[in-house]
Amino acid sequence: RGRVSGPTVVTSSPSPVVSSSTQLIPTPQSDAVANVKIISAGAYTMNYPKSWGVLKCSNSQSLEFDPYNGADQLNAVCDYAVKPITILVTNNLNCPGETLILGSNRVVRSKMAAADGVDYRWCVIGLGNSHLDITHRVSSSGSRATSKDDFSTQIEQIISTIRTGGAS
């Protein structure tokens, strides 16, 4: 299924592909601002749970989240996914699925069943040619770069906080 080799970005389309109607999902309001950290991916910033760790790539603008370990790795050389949640900064997207709004972000979401779990994908349609390709791999077998727990709700909360500005 390609999990060992990491995420793949399909670059066959020069612009995002949207294949269904748009849903509006309200941004959840939270008083737990103290329980989040802020991270940048390319020209985007987002909030994520304070208890999660982040792996930030030194050789790309990509990053990964680890919901099980709060330790950060801020200068990792990335060549394949090692954490269950991956965010790729890309200029090309080809994303089938349903279109929805999370916060102020237009997103194409898909969910694909796998033999031992499920693979989620969210494509955040950005400004200009910079977009975010977010994947979350859930596997009952505990394979590398997967989680045994489904964090799709938390990921959609993170996506709702994505905004442009503040690269690091």
# chains A, B, ... in the order shown; residues from 1 in each chain; ligands from 1
>>> residues_around(residues="Ile125 of chain A", least_positions_apart="6", cutoff="9 Å", atoms="only C-alpha atoms", output="list in words")
Pro16, Leu93, Asn105, Arg106, Val107, Val108, His131, Leu132 and Asp133 of chain A
>>> closest_atom_pairs(of="segment 82-159 of chain A", to="segment 49-63 of chain A", cutoff="6 Å", atoms="only C-alpha atoms", output="tab-separated table")
residue	atom	partner	partner_atom	distance
A:Ile87	CA	A:Leu63	CA	5.3
A:Leu88	CA	A:Ser62	CA	4.6
A:Val89	CA	A:Ser62	CA	5.7
>>> write_last_selection(atoms="all heavy atoms", output="PDB file, in the first residue's frame")
ATOM      1  N   ILE A  87       2.034  16.742   6.848  1.00  0.00           N
ATOM      2  CA  ILE A  87       1.595  17.933   6.130  1.00  0.00           C
ATOM      3  C   ILE A  87       2.658  18.275   5.097  1.00  0.00           C
ATOM      4  O   ILE A  87       3.796  18.595   5.452  1.00  0.00           O
ATOM      5  CB  ILE A  87       1.366  19.123   7.080  1.00  0.00           C
ATOM      6  CG1 ILE A  87       0.276  18.776   8.097  1.00  0.00           C
ATOM      7  CG2 ILE A  87       1.002  20.373   6.275  1.00  0.00           C
ATOM      8  CD1 ILE A  87      -0.014  19.859   9.097  1.00  0.00           C
ATOM      9  N   LEU A  88       2.291  18.160   3.830  1.00  0.00           N
ATOM     10  CA  LEU A  88       3.186  18.512   2.732  1.00  0.00           C
ATOM     11  C   LEU A  88       2.785  19.865   2.176  1.00  0.00           C
ATOM     12  O   LEU A  88       1.602  20.125   1.957  1.00  0.00           O
ATOM     13  CB  LEU A  88       3.107  17.473   1.613  1.00  0.00           C
ATOM     14  CG  LEU A  88       3.456  16.029   1.968  1.00  0.00           C
ATOM     15  CD1 LEU A  88       3.215  15.129   0.763  1.00  0.00           C
ATOM     16  CD2 LEU A  88       4.876  15.928   2.452  1.00  0.00           C
ATOM     17  N   VAL A  89       3.774  20.725   1.957  1.00  0.00           N
ATOM     18  CA  VAL A  89       3.544  21.996   1.272  1.00  0.00           C
ATOM     19  C   VAL A  89       3.879  21.744  -0.192  1.00  0.00           C
ATOM     20  O   VAL A  89       4.978  21.298  -0.508  1.00  0.00           O
ATOM     21  CB  VAL A  89       4.439  23.113   1.858  1.00  0.00           C
ATOM     22  CG1 VAL A  89       4.194  24.431   1.137  1.00  0.00           C
ATOM     23  CG2 VAL A  89       4.198  23.257   3.361  1.00  0.00           C
TER      24      VAL A  89
END
>>> residues_around(residues="Ile155 of chain A", least_positions_apart="3", cutoff="9 Å", atoms="only C-alpha atoms", output="ChimeraX atom specification")
/A:48,85,134,136,151-152,158-160
>>> write_last_selection(atoms="N, CA and C atoms", output="PDB file, in the first residue's frame")
ATOM      1  N   TYR A  48      -1.976  23.564  17.044  1.00  0.00           N
ATOM      2  CA  TYR A  48      -2.113  22.122  17.247  1.00  0.00           C
ATOM      3  C   TYR A  48      -2.016  21.836  18.737  1.00  0.00           C
ATOM      4  N   ILE A  85       0.705  11.619  11.081  1.00  0.00           N
ATOM      5  CA  ILE A  85       0.054  12.766  10.448  1.00  0.00           C
ATOM      6  C   ILE A  85       1.125  13.565   9.714  1.00  0.00           C
ATOM      7  N   ILE A 134      -2.526  17.122   3.496  1.00  0.00           N
ATOM      8  CA  ILE A 134      -2.454  16.558   4.847  1.00  0.00           C
ATOM      9  C   ILE A 134      -2.976  15.132   4.814  1.00  0.00           C
ATOM     10  N   HIS A 136      -3.430  11.356   7.153  1.00  0.00           N
ATOM     11  CA  HIS A 136      -3.441  10.686   8.458  1.00  0.00           C
ATOM     12  C   HIS A 136      -3.717   9.218   8.199  1.00  0.00           C
ATOM     13  N   PHE A 151      -7.431  10.263  14.711  1.00  0.00           N
ATOM     14  CA  PHE A 151      -7.319  11.656  15.119  1.00  0.00           C
ATOM     15  C   PHE A 151      -7.920  12.605  14.080  1.00  0.00           C
ATOM     16  N   SER A 152      -8.819  12.110  13.226  1.00  0.00           N
ATOM     17  CA  SER A 152      -9.358  12.941  12.146  1.00  0.00           C
ATOM     18  C   SER A 152     -10.117  14.158  12.683  1.00  0.00           C
ATOM     19  N   ILE A 158      -7.375  21.399  13.688  1.00  0.00           N
ATOM     20  CA  ILE A 158      -6.120  22.054  13.298  1.00  0.00           C
ATOM     21  C   ILE A 158      -6.308  22.783  11.971  1.00  0.00           C
ATOM     22  N   ILE A 159      -6.915  22.110  10.990  1.00  0.00           N
ATOM     23  CA  ILE A 159      -7.124  22.711   9.674  1.00  0.00           C
ATOM     24  C   ILE A 159      -7.957  23.984   9.795  1.00  0.00           C
ATOM     25  N   SER A 160      -8.921  23.980  10.704  1.00  0.00           N
ATOM     26  CA  SER A 160      -9.780  25.176  10.864  1.00  0.00           C
ATOM     27  C   SER A 160      -8.984  26.378  11.369  1.00  0.00           C
TER      28      SER A 160
END
>>> residues_around(residues="Gly142 of chain A", least_positions_apart="4", cutoff="12 Å", atoms="only C-alpha atoms", output="ChimeraX atom specification")
/A:3,82-84,116-117,137-138,146-149
>>> write_last_selection(atoms="N, CA and C atoms", output="compact mmCIF listing (two decimals), in the first residue's frame")
# COMPACT_ATOMS: atom_id res chain seq x y z
N ARG A 3 2.87 2.48 2.38
CA ARG A 3 3.12 3.14 3.65
C ARG A 3 4.60 3.23 3.96
N VAL A 82 7.34 9.24 9.02
CA VAL A 82 7.63 8.43 10.21
C VAL A 82 6.57 8.63 11.30
N LYS A 83 5.76 9.66 11.18
CA LYS A 83 4.69 9.96 12.14
C LYS A 83 3.35 9.75 11.45
N PRO A 84 2.27 9.57 12.21
CA PRO A 84 0.98 9.24 11.59
C PRO A 84 0.27 10.37 10.87
N ASP A 116 -6.08 -2.89 6.94
CA ASP A 116 -5.86 -2.87 8.39
C ASP A 116 -6.21 -1.53 9.02
N GLY A 117 -6.98 -0.67 8.32
CA GLY A 117 -7.32 0.62 8.90
C GLY A 117 -7.95 1.55 7.88
N ARG A 137 -2.81 8.37 8.67
CA ARG A 137 -2.90 6.95 8.44
C ARG A 137 -3.21 6.23 9.75
N VAL A 138 -4.33 5.50 9.78
CA VAL A 138 -4.76 4.75 10.96
C VAL A 138 -4.64 3.27 10.62
N THR A 146 1.86 5.24 11.23
CA THR A 146 0.42 5.11 11.44
C THR A 146 0.12 5.27 12.93
N SER A 147 -1.15 5.44 13.25
CA SER A 147 -1.59 5.43 14.64
C SER A 147 -2.69 4.39 14.78
N LYS A 148 -2.83 3.85 15.96
CA LYS A 148 -3.92 2.91 16.22
C LYS A 148 -5.22 3.66 16.51
N ASP A 149 -5.10 4.96 16.82
CA ASP A 149 -6.27 5.79 17.13
C ASP A 149 -6.56 6.73 15.97
>>> closest_residue(among="A:Thr90, A:Val118, A:Ser139, A:Glu156", to="Ala43 of chain A", atoms="only C-alpha atoms")
A:Thr90
